[in-house]
Amino acid sequence: MTSTLASPTSRYALALAVAVGTVLFLLLGIGALGIVGDGDRDWLYLAAPAVLLVVAVATRFRPGGMVLALGAAAATTVVAGVVAVVLVAADDAAASIADVIMLTVMYAGLFAAGAWLFSRVPEPPVDAVASDIRRA
């Protein structure tokens, strides 16, 4: 019996769905609830999708490049979380430090899960890449 996730295309689609879902979940979380409390401090977390987009475009959305892009987004989320914890510690009334840490870990974990899924997608053969370049 064959699995529906046996083909590289379906694996890529699943990994891409997790990546896009994580970005949408982050954007909705920032817009609807806020992560760091009231004010403009939630904008720190928008660096992660920006880094993800820049690295993904630079690596032409190849599976190996997407691993790097999502790993960079996870690391950027952690850095944003550290900065947010420092901001919350400096202003006692803004938000709970535990909430900021938990949400940061959750978003970084989702980006890391997407990176792991992309690592399970095989790279296309070199001949296929060369033919794509010649057609462009």
# chains A, B, ... in the order shown; residues from 1 in each chain; ligands from 1

$ residues_around --residues "Asp42 of chain A" --least-positions-apart "6" --cutoff "9 Å" --atoms "only C-alpha atoms" --output "compact mmCIF listing (two decimals) with C-alpha atoms, in the first residue's frame"
# COMPACT_ATOMS: atom_id res chain seq x y z
CA ILE A 30 -0.47 39.76 16.26
CA GLY A 31 -3.52 41.45 14.75
CA GLY A 34 -1.21 40.83 20.42
CA ILE A 35 1.82 39.04 21.78
CA VAL A 36 3.60 41.71 23.81
CA ALA A 84 10.13 41.34 23.72

$ residues_around --residues "Gly109 of chain A" --least-positions-apart "2" --cutoff "10 Å" --atoms "only C-alpha atoms" --output "PyMOL selection string"
chain A and resi 22+71+74-75+77-78+103-107+111-115

$ write_last_selection --atoms "C-alpha atoms" --output "PDB file, in the first residue's frame"
ATOM      1  CA  THR A  22       2.425  29.449  10.505  1.00  0.00           C
ATOM      2  CA  GLY A  71      15.262  27.880  10.191  1.00  0.00           C
ATOM      3  CA  ALA A  74      12.573  30.336  13.719  1.00  0.00           C
ATOM      4  CA  ALA A  75      15.822  31.950  14.881  1.00  0.00           C
ATOM      5  CA  THR A  77      11.339  34.598  16.153  1.00  0.00           C
ATOM      6  CA  VAL A  78      13.504  33.615  19.122  1.00  0.00           C
ATOM      7  CA  LEU A 103       4.051  32.280  22.316  1.00  0.00           C
ATOM      8  CA  THR A 104       7.617  32.765  21.084  1.00  0.00           C
ATOM      9  CA  VAL A 105       8.412  29.086  21.624  1.00  0.00           C
ATOM     10  CA  MET A 106       5.189  28.076  19.883  1.00  0.00           C
ATOM     11  CA  TYR A 107       5.832  30.181  16.762  1.00  0.00           C
ATOM     12  CA  PHE A 111       8.654  27.395  11.865  1.00  0.00           C
ATOM     13  CA  ALA A 112      11.072  24.621  12.885  1.00  0.00           C
ATOM     14  CA  ALA A 113       8.434  21.972  12.126  1.00  0.00           C
ATOM     15  CA  GLY A 114       8.040  23.449   8.648  1.00  0.00           C
ATOM     16  CA  ALA A 115      11.820  23.343   8.186  1.00  0.00           C
TER      17      ALA A 115
END

$ residues_around --residues "Val88 of chain A" --least-positions-apart "6" --cutoff "8 Å" --atoms "only C-alpha atoms" --output "ChimeraX atom specification"
/A:36,94-97

$ closest_residue --among "A:Tyr45, A:Tyr12, A:Phe118, A:Phe25" --to "Leu68 of chain A" --atoms "only C-alpha atoms"
A:Phe118

$ residues_around --residues "Val85 of chain A" --least-positions-apart "4" --cutoff "7 Å" --atoms "only C-alpha atoms" --output "short mmCIF file (atom, residue, chain, number, x, y, z; two decimals) with N, CA and C atoms, in the first residue's frame"
data_model
loop_
_atom_site.label_atom_id
_atom_site.label_comp_id
_atom_site.auth_asym_id
_atom_site.auth_seq_id
_atom_site.Cartn_x
_atom_site.Cartn_y
_atom_site.Cartn_z
N GLY A 81 11.57 37.33 20.40
CA GLY A 81 11.05 36.98 21.72
C GLY A 81 11.94 37.45 22.85
N ALA A 89 9.93 43.17 30.64
CA ALA A 89 10.55 43.28 31.97
C ALA A 89 10.77 44.74 32.35
N ILE A 97 5.48 37.96 31.11
CA ILE A 97 6.70 37.41 30.53
C ILE A 97 6.49 35.95 30.13
N VAL A 100 4.69 35.76 26.77
CA VAL A 100 5.58 36.11 25.66
C VAL A 100 6.51 34.94 25.35
#

$ select_by_dssp --residues "chain A" --states "alpha helix (DSSP H)" --output "compact mmCIF listing (two decimals) with C-alpha atoms, in the first residue's frame"
# COMPACT_ATOMS: atom_id res chain seq x y z
CA PRO A 8 7.97 14.70 -3.43
CA THR A 9 5.23 17.04 -4.67
CA SER A 10 2.83 16.11 -1.89
CA ARG A 11 5.60 16.40 0.71
CA TYR A 12 6.51 19.84 -0.61
CA ALA A 13 2.84 20.87 -0.57
CA LEU A 14 2.44 19.75 3.05
CA ALA A 15 5.59 21.57 4.13
CA LEU A 16 4.51 24.69 2.26
CA ALA A 17 1.07 24.53 3.88
CA VAL A 18 2.68 24.38 7.33
CA ALA A 19 4.94 27.35 6.49
CA VAL A 20 2.12 29.49 5.10
CA GLY A 21 -0.18 28.44 7.95
CA THR A 22 2.42 29.45 10.50
CA VAL A 23 2.85 32.88 8.92
CA LEU A 24 -0.93 33.40 8.79
CA PHE A 25 -1.28 32.19 12.39
CA LEU A 26 1.44 34.63 13.47
CA LEU A 27 -0.17 37.53 11.60
CA LEU A 28 -3.61 36.76 13.03
CA ALA A 47 10.80 40.23 11.11
CA ALA A 48 10.38 36.44 10.94
CA PRO A 49 8.04 36.38 7.90
CA ALA A 50 10.21 39.04 6.24
CA VAL A 51 13.36 36.94 6.70
CA LEU A 52 11.46 33.86 5.51
CA LEU A 53 10.34 35.60 2.33
CA VAL A 54 13.76 37.07 1.52
CA VAL A 55 15.61 33.77 1.99
CA ALA A 56 12.92 31.76 0.17
CA VAL A 57 13.07 34.05 -2.85
CA ALA A 58 16.88 34.07 -2.80
CA PRO A 63 13.49 22.45 -0.58
CA GLY A 64 17.01 22.94 0.78
CA GLY A 65 16.61 26.70 0.65
CA MET A 66 13.25 26.50 2.38
CA VAL A 67 14.90 24.58 5.22
CA LEU A 68 17.29 27.50 5.60
CA ALA A 69 14.50 30.06 5.26
CA LEU A 70 12.29 28.47 7.90
CA GLY A 71 15.26 27.88 10.19
CA ALA A 72 16.17 31.55 9.86
CA ALA A 73 12.54 32.50 10.57
CA ALA A 74 12.57 30.34 13.72
CA ALA A 75 15.82 31.95 14.88
CA THR A 76 14.45 35.42 14.12
CA THR A 77 11.34 34.60 16.15
CA VAL A 78 13.50 33.61 19.12
CA VAL A 79 15.51 36.85 18.84
CA ALA A 80 12.27 38.86 18.65
CA GLY A 81 11.05 36.98 21.72
CA VAL A 82 14.19 37.81 23.69
CA VAL A 83 13.83 41.49 22.79
CA ALA A 84 10.13 41.34 23.72
CA VAL A 85 10.92 39.79 27.12
CA VAL A 86 13.40 42.60 27.80
CA LEU A 87 10.75 45.16 26.84
CA VAL A 88 8.13 43.48 29.04
CA ALA A 89 10.55 43.28 31.97
CA ALA A 90 11.24 47.01 31.65
CA ILE A 97 6.70 37.41 30.53
CA ALA A 98 5.49 33.80 30.63
CA ASP A 99 2.94 34.50 27.87
CA VAL A 100 5.58 36.11 25.66
CA ILE A 101 7.96 33.18 26.17
CA MET A 102 5.27 30.57 25.49
CA LEU A 103 4.05 32.28 22.32
CA THR A 104 7.62 32.76 21.08
CA VAL A 105 8.41 29.09 21.62
CA MET A 106 5.19 28.08 19.88
CA TYR A 107 5.83 30.18 16.76
CA ALA A 108 9.52 29.21 16.60
CA GLY A 109 8.51 25.56 16.97
CA LEU A 110 6.01 25.84 14.13
CA PHE A 111 8.65 27.40 11.87
CA ALA A 112 11.07 24.62 12.89
CA ALA A 113 8.43 21.97 12.13
CA GLY A 114 8.04 23.45 8.65
CA ALA A 115 11.82 23.34 8.19
CA TRP A 116 11.86 19.68 9.23
CA LEU A 117 9.10 18.87 6.76
CA PHE A 118 11.04 20.58 3.96
CA SER A 119 14.12 18.57 4.93
CA VAL A 126 20.47 18.69 -11.43
CA ASP A 127 19.26 18.05 -15.01
CA ALA A 128 15.77 19.24 -14.10
CA VAL A 129 17.19 22.41 -12.56
CA ALA A 130 19.34 23.08 -15.63
CA SER A 131 16.37 22.64 -17.96
CA ASP A 132 14.35 25.09 -15.84
CA ILE A 133 17.12 27.65 -16.16
CA ARG A 134 17.38 27.18 -19.93
CA ARG A 135 13.62 27.68 -20.34

$ atom_distance --atom1 "atom CA of Arg62 of chain A" --atom2 "atom CA of Ala6 of chain A"
18.1 Å

$ atom_distance --atom1 "atom CA of Arg60 of chain A" --atom2 "atom CA of Trp43 of chain A"
26.4 Å

$ decode --residues "chain A" --atoms "C-alpha atoms" --output "short mmCIF file (atom, residue, chain, number, x, y, z; two decimals), in the first residue's frame"
data_model
loop_
_atom_site.label_atom_id
_atom_site.label_comp_id
_atom_site.auth_asym_id
_atom_site.auth_seq_id
_atom_site.Cartn_x
_atom_site.Cartn_y
_atom_site.Cartn_z
CA MET A 1 0.00 0.00 0.00
CA THR A 2 1.43 3.39 -0.95
CA SER A 3 1.23 6.48 1.17
CA THR A 4 -0.29 9.67 -0.20
CA LEU A 5 2.78 11.54 1.07
CA ALA A 6 5.16 9.32 -0.87
CA SER A 7 5.61 11.73 -3.76
CA PRO A 8 7.97 14.70 -3.43
CA THR A 9 5.23 17.04 -4.67
CA SER A 10 2.83 16.11 -1.89
CA ARG A 11 5.60 16.40 0.71
CA TYR A 12 6.51 19.84 -0.61
CA ALA A 13 2.84 20.87 -0.57
CA LEU A 14 2.44 19.75 3.05
CA ALA A 15 5.59 21.57 4.13
CA LEU A 16 4.51 24.69 2.26
CA ALA A 17 1.07 24.53 3.88
CA VAL A 18 2.68 24.38 7.33
CA ALA A 19 4.94 27.35 6.49
CA VAL A 20 2.12 29.49 5.10
CA GLY A 21 -0.18 28.44 7.95
CA THR A 22 2.42 29.45 10.50
CA VAL A 23 2.85 32.88 8.92
CA LEU A 24 -0.93 33.40 8.79
CA PHE A 25 -1.28 32.19 12.39
CA LEU A 26 1.44 34.63 13.47
CA LEU A 27 -0.17 37.53 11.60
CA LEU A 28 -3.61 36.76 13.03
CA GLY A 29 -2.14 36.38 16.50
CA ILE A 30 -0.47 39.76 16.26
CA GLY A 31 -3.52 41.45 14.75
CA ALA A 32 -6.24 39.98 16.90
CA LEU A 33 -4.67 39.35 20.27
CA GLY A 34 -1.21 40.83 20.42
CA ILE A 35 1.82 39.04 21.78
CA VAL A 36 3.60 41.71 23.81
CA GLY A 37 0.55 43.59 25.04
CA ASP A 38 -0.73 46.95 23.90
CA GLY A 39 1.25 49.12 21.54
CA ASP A 40 3.54 48.63 18.61
CA ARG A 41 5.88 46.07 20.17
CA ASP A 42 4.30 43.16 18.30
CA TRP A 43 5.93 44.46 15.12
CA LEU A 44 9.14 42.78 16.29
CA TYR A 45 7.68 39.43 15.30
CA LEU A 46 7.07 40.56 11.71
CA ALA A 47 10.80 40.23 11.11
CA ALA A 48 10.38 36.44 10.94
CA PRO A 49 8.04 36.38 7.90
CA ALA A 50 10.21 39.04 6.24
CA VAL A 51 13.36 36.94 6.70
CA LEU A 52 11.46 33.86 5.51
CA LEU A 53 10.34 35.60 2.33
CA VAL A 54 13.76 37.07 1.52
CA VAL A 55 15.61 33.77 1.99
CA ALA A 56 12.92 31.76 0.17
CA VAL A 57 13.07 34.05 -2.85
CA ALA A 58 16.88 34.07 -2.80
CA THR A 59 16.96 30.26 -2.82
CA ARG A 60 14.19 30.07 -5.44
CA PHE A 61 11.85 28.11 -3.12
CA ARG A 62 13.96 24.94 -3.46
CA PRO A 63 13.49 22.45 -0.58
CA GLY A 64 17.01 22.94 0.78
CA GLY A 65 16.61 26.70 0.65
CA MET A 66 13.25 26.50 2.38
CA VAL A 67 14.90 24.58 5.22
CA LEU A 68 17.29 27.50 5.60
CA ALA A 69 14.50 30.06 5.26
CA LEU A 70 12.29 28.47 7.90
CA GLY A 71 15.26 27.88 10.19
CA ALA A 72 16.17 31.55 9.86
CA ALA A 73 12.54 32.50 10.57
CA ALA A 74 12.57 30.34 13.72
CA ALA A 75 15.82 31.95 14.88
CA THR A 76 14.45 35.42 14.12
CA THR A 77 11.34 34.60 16.15
CA VAL A 78 13.50 33.61 19.12
CA VAL A 79 15.51 36.85 18.84
CA ALA A 80 12.27 38.86 18.65
CA GLY A 81 11.05 36.98 21.72
CA VAL A 82 14.19 37.81 23.69
CA VAL A 83 13.83 41.49 22.79
CA ALA A 84 10.13 41.34 23.72
CA VAL A 85 10.92 39.79 27.12
CA VAL A 86 13.40 42.60 27.80
CA LEU A 87 10.75 45.16 26.84
CA VAL A 88 8.13 43.48 29.04
CA ALA A 89 10.55 43.28 31.97
CA ALA A 90 11.24 47.01 31.65
CA ASP A 91 7.52 47.85 31.59
CA ASP A 92 5.69 45.82 34.26
CA ALA A 93 2.13 46.56 33.08
CA ALA A 94 2.49 45.60 29.40
CA ALA A 95 2.21 41.81 29.33
CA SER A 96 3.13 38.61 31.08
CA ILE A 97 6.70 37.41 30.53
CA ALA A 98 5.49 33.80 30.63
CA ASP A 99 2.94 34.50 27.87
CA VAL A 100 5.58 36.11 25.66
CA ILE A 101 7.96 33.18 26.17
CA MET A 102 5.27 30.57 25.49
CA LEU A 103 4.05 32.28 22.32
CA THR A 104 7.62 32.76 21.08
CA VAL A 105 8.41 29.09 21.62
CA MET A 106 5.19 28.08 19.88
CA TYR A 107 5.83 30.18 16.76
CA ALA A 108 9.52 29.21 16.60
CA GLY A 109 8.51 25.56 16.97
CA LEU A 110 6.01 25.84 14.13
CA PHE A 111 8.65 27.40 11.87
CA ALA A 112 11.07 24.62 12.89
CA ALA A 113 8.43 21.97 12.13
CA GLY A 114 8.04 23.45 8.65
CA ALA A 115 11.82 23.34 8.19
CA TRP A 116 11.86 19.68 9.23
CA LEU A 117 9.10 18.87 6.76
CA PHE A 118 11.04 20.58 3.96
CA SER A 119 14.12 18.57 4.93
CA ARG A 120 12.11 15.44 4.10
CA VAL A 121 11.54 16.62 0.50
CA PRO A 122 14.21 15.39 -1.94
CA GLU A 123 16.02 17.98 -4.04
CA PRO A 124 15.19 17.92 -7.77
CA PRO A 125 17.82 16.35 -10.03
CA VAL A 126 20.47 18.69 -11.43
CA ASP A 127 19.26 18.05 -15.01
CA ALA A 128 15.77 19.24 -14.10
CA VAL A 129 17.19 22.41 -12.56
CA ALA A 130 19.34 23.08 -15.63
CA SER A 131 16.37 22.64 -17.96
CA ASP A 132 14.35 25.09 -15.84
CA ILE A 133 17.12 27.65 -16.16
CA ARG A 134 17.38 27.18 -19.93
CA ARG A 135 13.62 27.68 -20.34
CA ALA A 136 13.63 30.91 -18.33
#
